[in-house]
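**Student:** Quick one: the structure is below, and I'll ask about it shortly.
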Amino acid sequence: MPLVEGSLEASAKAALDPDVWHYVNRGAGGDVSVDEATAAWRRYRFRPRVLRDVRRVETDLDLFGHWRTPIGIAPSAFHRLYTPDGELATAAAALACGAPMVLSSRTTTRLEEVAAVINGPWWFQVYVMREPSITAATVRRARDAGASALVLTGDTPYVGYVPPTGTARPLPLTDELALANVAEHLPAAGVDDIWELIDQDAGITTDTIGWLANESGLPVIVKGILRGDEAVRCVEAGASGVWVSNHGGRQLDRALPTAQALPDVVNAIAGQVPVIVDGGIRCGADALAALALGASAVFLGRPVIWGLATDGQAGAERVVAAVTDQLRHAMGLAGAVDLAGLDPSLVLRVSAG
Ligand code: FNR
């Protein structure tokens with residue numbers, strides 16, 4: 001039983017404008033990384049423990065906040081493309097599930113409004129913009145609005161190449177929505193290089209980790225890590241966590257599936273900081289494999305968007321709740337009563353075929 005049924009993806013496709021659907025589901029280049037992501041988790045097999053009294057199985061997690069589930073909502077841009085309430089619907093779903101939510105820098109709602117819905121900790125994703133004062137001001141606003149961590153996306157010095165659709169129409173997004181979170185930091189109307197100012201700065205380095213920590217006083221997690229040595233480099237530069245991700249296959253096509261990259265990163269980090277993972281996780285068994293391999297939390301990207309597109313807040317909530325229920329169910333069958341009871345001996349990678 002897949003936790004996020006194929007029918008959800010089909011309903012989302014039916015509900016969305018075809019160009020928006022393409023924007024959400026396609027990856028970069030030839031889609032190799034997108035296509036491999038989920039299959040890579042399904043190569044793992046479990047070695048369950050037995051006779052363990054699993055009447056109560058808990059999924060609670062402490063990770064820059066207290067959560068009732070290790071299944072989080074990955075940052076993704078422009079939620080008003082999917083449902084009229086946009087990020088407010090996503091935030092209400094996160095609150096209902098007790099799930100960590102990461103709000104994208106590219107939000108269609110001011111971060112303060114989103115924070116007011118969550119009314120507790122949440123994390124803010126950072127793209128450092130070419131005008132750094134905009135990013136500095138935004139991360140301070142995030143801190144003041146209750147963010148408990150920053151997630152610096154490291155794999156996007158610029159946006160990956162996605163072959164256009166036949167229509168090649170721009171996304172149906174007004175400037176007002178696209179700029180909702182940064183409008184107050186932009187120069188007065190009439191400046192025609194606004195998009196330049198808020199584009200990603202391709203020149204950032206690991207120095208940015210310390211800069212963000214300094215500006216905000218918040219722990220900084222680096223997202224987009226696929227190698228143990230790069231994870232260590234980020235921790236040495238001050239990262240408080242690393243997030244294994246290939247950006248849902250949207251940046252460097254043929255980047256390694258996260259299911260394959262995770263063990264290397266966990267080994268290299270050796271418990272110094274938490275390791276988080278996303279990419280192709282579609283059900284509780286995928287999540288169980290990731291958590292057993294050493295991830296502290298797993299995040300869902302597209303499945304939450306499919307939920308939003310299908311049924312707004314309720315749709316996103318059902319996705320996170322279903323994957324959490326599936327995880328809890330699978331944990332008990334594997335003989336684990338809490339997240340601390342998961343370890344790499346529970347999984348074995350089998351070869352394809
Ligand atoms: C993303 N992702 C993303 N990541 C990020 O750091 N900032 C962002 O603004 C976005 N925007 C975004 C938009 C859309 C439409 C998608 C699908 C993804 C990447 C996201 O956080 C995550 O890494 C992947 O989506 C995880 O893979 P799955 O779960 O989609 O397979």
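Convention: chains lettered A, B, ... in structure tokens order; per-chain residue numbering from 1; ligands numbered from 1 as shown.
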Using only C-alpha atoms, which residues sit within 12 Å of Thr167 in chain A once same-chain residues fewer than 3 positions away are excluded, as a VMD selection string?
**Tutor:** chain A and resid 17 to 20 22 163 to 164 170 to 171
**Student:** How would you report the residues lying within 7 Å of ligand 1, as number ranges by chain, if you count only C-alpha atoms and all ligand atoms?
**Tutor:** A: 23-25, 37, 74-77, 104-106, 125, 153, 223, 245-248, 278-281, 299-303
**Student:** Suppose we keep N, CA, C and O atoms; can you now write the selection as a compact mmCIF listing (two decimals), in the first residue's frame?
**Tutor:**
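Wrote again.txt, looks like this:
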# COMPACT_ATOMS: atom_id res chain seq x y z
N TYR A 23 5.98 22.56 -14.17
CA TYR A 23 6.91 23.22 -13.24
C TYR A 23 7.12 22.37 -11.99
O TYR A 23 8.25 22.23 -11.50
N VAL A 24 6.06 21.80 -11.46
CA VAL A 24 6.16 21.04 -10.22
C VAL A 24 6.86 19.70 -10.46
O VAL A 24 7.78 19.32 -9.73
N ASN A 25 6.41 18.98 -11.46
CA ASN A 25 6.81 17.57 -11.55
C ASN A 25 8.09 17.31 -12.31
O ASN A 25 8.77 16.34 -12.05
N ALA A 37 14.70 8.62 -8.11
CA ALA A 37 14.69 8.95 -6.68
C ALA A 37 13.92 7.93 -5.83
O ALA A 37 14.43 7.43 -4.82
N ALA A 74 9.04 19.92 3.02
CA ALA A 74 10.22 20.55 2.41
C ALA A 74 9.85 21.92 1.84
O ALA A 74 8.69 22.15 1.47
N PRO A 75 10.83 22.82 1.75
CA PRO A 75 10.51 24.13 1.17
C PRO A 75 10.20 24.01 -0.31
O PRO A 75 10.92 23.35 -1.05
N SER A 76 9.12 24.63 -0.74
CA SER A 76 8.87 24.74 -2.17
C SER A 76 8.20 26.09 -2.42
O SER A 76 7.51 26.64 -1.57
N ALA A 77 8.44 26.59 -3.62
CA ALA A 77 8.08 27.97 -3.94
C ALA A 77 6.60 28.12 -4.28
O ALA A 77 5.95 27.16 -4.71
N SER A 104 9.74 28.43 2.13
CA SER A 104 10.69 28.83 1.08
C SER A 104 10.94 30.34 1.12
O SER A 104 10.08 31.12 1.54
N SER A 105 12.10 30.74 0.63
CA SER A 105 12.37 32.16 0.38
C SER A 105 11.43 32.70 -0.69
O SER A 105 11.15 33.90 -0.74
N ARG A 106 11.00 31.80 -1.59
CA ARG A 106 10.13 32.22 -2.70
C ARG A 106 8.68 31.95 -2.31
O ARG A 106 8.00 31.12 -2.93
N GLN A 125 13.80 28.72 4.78
CA GLN A 125 14.78 28.36 3.75
C GLN A 125 15.37 29.62 3.12
O GLN A 125 14.63 30.55 2.79
N THR A 153 20.04 26.73 1.21
CA THR A 153 20.07 25.81 0.06
C THR A 153 21.39 26.01 -0.67
O THR A 153 21.67 27.08 -1.22
N LYS A 223 21.35 22.60 3.03
CA LYS A 223 20.55 21.67 2.21
C LYS A 223 21.19 21.51 0.83
O LYS A 223 21.66 22.49 0.24
N SER A 245 20.10 16.12 -0.17
CA SER A 245 19.06 16.45 -1.14
C SER A 245 19.70 16.64 -2.50
O SER A 245 20.84 17.12 -2.60
N ASN A 246 18.98 16.26 -3.56
CA ASN A 246 19.40 16.70 -4.90
C ASN A 246 18.33 17.64 -5.48
O ASN A 246 18.18 17.73 -6.69
N HIS A 247 17.61 18.32 -4.57
CA HIS A 247 16.62 19.33 -4.95
C HIS A 247 15.51 18.71 -5.78
O HIS A 247 14.99 19.32 -6.73
N GLY A 248 15.17 17.47 -5.44
CA GLY A 248 14.11 16.80 -6.19
C GLY A 248 14.47 16.63 -7.67
O GLY A 248 13.58 16.61 -8.53
N ASP A 278 15.76 14.38 1.94
CA ASP A 278 14.53 14.42 1.14
C ASP A 278 14.83 13.85 -0.24
O ASP A 278 15.97 13.55 -0.57
N GLY A 279 13.77 13.69 -1.04
CA GLY A 279 13.93 13.25 -2.42
C GLY A 279 13.31 11.88 -2.67
O GLY A 279 13.86 10.86 -2.26
N GLY A 280 12.15 11.87 -3.31
CA GLY A 280 11.54 10.61 -3.73
C GLY A 280 10.90 9.82 -2.61
O GLY A 280 10.53 8.67 -2.82
N ILE A 281 10.75 10.41 -1.43
CA ILE A 281 10.12 9.69 -0.32
C ILE A 281 8.61 9.79 -0.49
O ILE A 281 8.05 10.88 -0.55
N PHE A 299 11.85 14.72 4.67
CA PHE A 299 10.95 15.77 4.20
C PHE A 299 10.34 15.40 2.85
O PHE A 299 10.97 14.77 2.02
N LEU A 300 9.09 15.86 2.68
CA LEU A 300 8.34 15.60 1.45
C LEU A 300 8.24 16.89 0.64
O LEU A 300 7.85 17.93 1.18
N GLY A 301 8.56 16.82 -0.64
CA GLY A 301 8.42 17.97 -1.53
C GLY A 301 7.14 17.88 -2.33
O GLY A 301 6.06 18.35 -1.93
N ARG A 302 7.20 17.21 -3.47
CA ARG A 302 6.04 17.16 -4.36
C ARG A 302 4.77 16.58 -3.73
O ARG A 302 3.68 17.09 -4.03
N PRO A 303 4.87 15.52 -2.91
CA PRO A 303 3.60 14.98 -2.38
C PRO A 303 2.76 16.03 -1.64
O PRO A 303 1.52 16.01 -1.74
**Student:** In Å, with one decimal, what is the gap from CA of Arg55 in chain A to CA of Leu293 in chain A?
**Tutor:**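 Between CA of Arg55 in chain A and CA of Leu293 in chain A the gap is 23.9 Å.
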**Student:** As an MDAnalysis selection string, please: the residues near Ala147 in chain A (cut-off 8 Å, only C-alpha atoms, same-chain neighbours under 5 positions excluded).
**Tutor:** chainID A and resid 115 121:124 142
**Student:** In Å to one decimal, how far is CA of Ala292 in chain A from CA of Gly341 in chain A?
**Tutor:** 8.6 Å
**Student:** Taking only range 165-332 of chain A into account, list the residues labelled helix (DSSP H, G or I) by DSSP (computed from the backbone), as number ranges by chain.
**Tutor:** A: 175-178, 183-185, 194-198, 207-216, 228-236, 247-249, 258-269, 284-292, 302-332
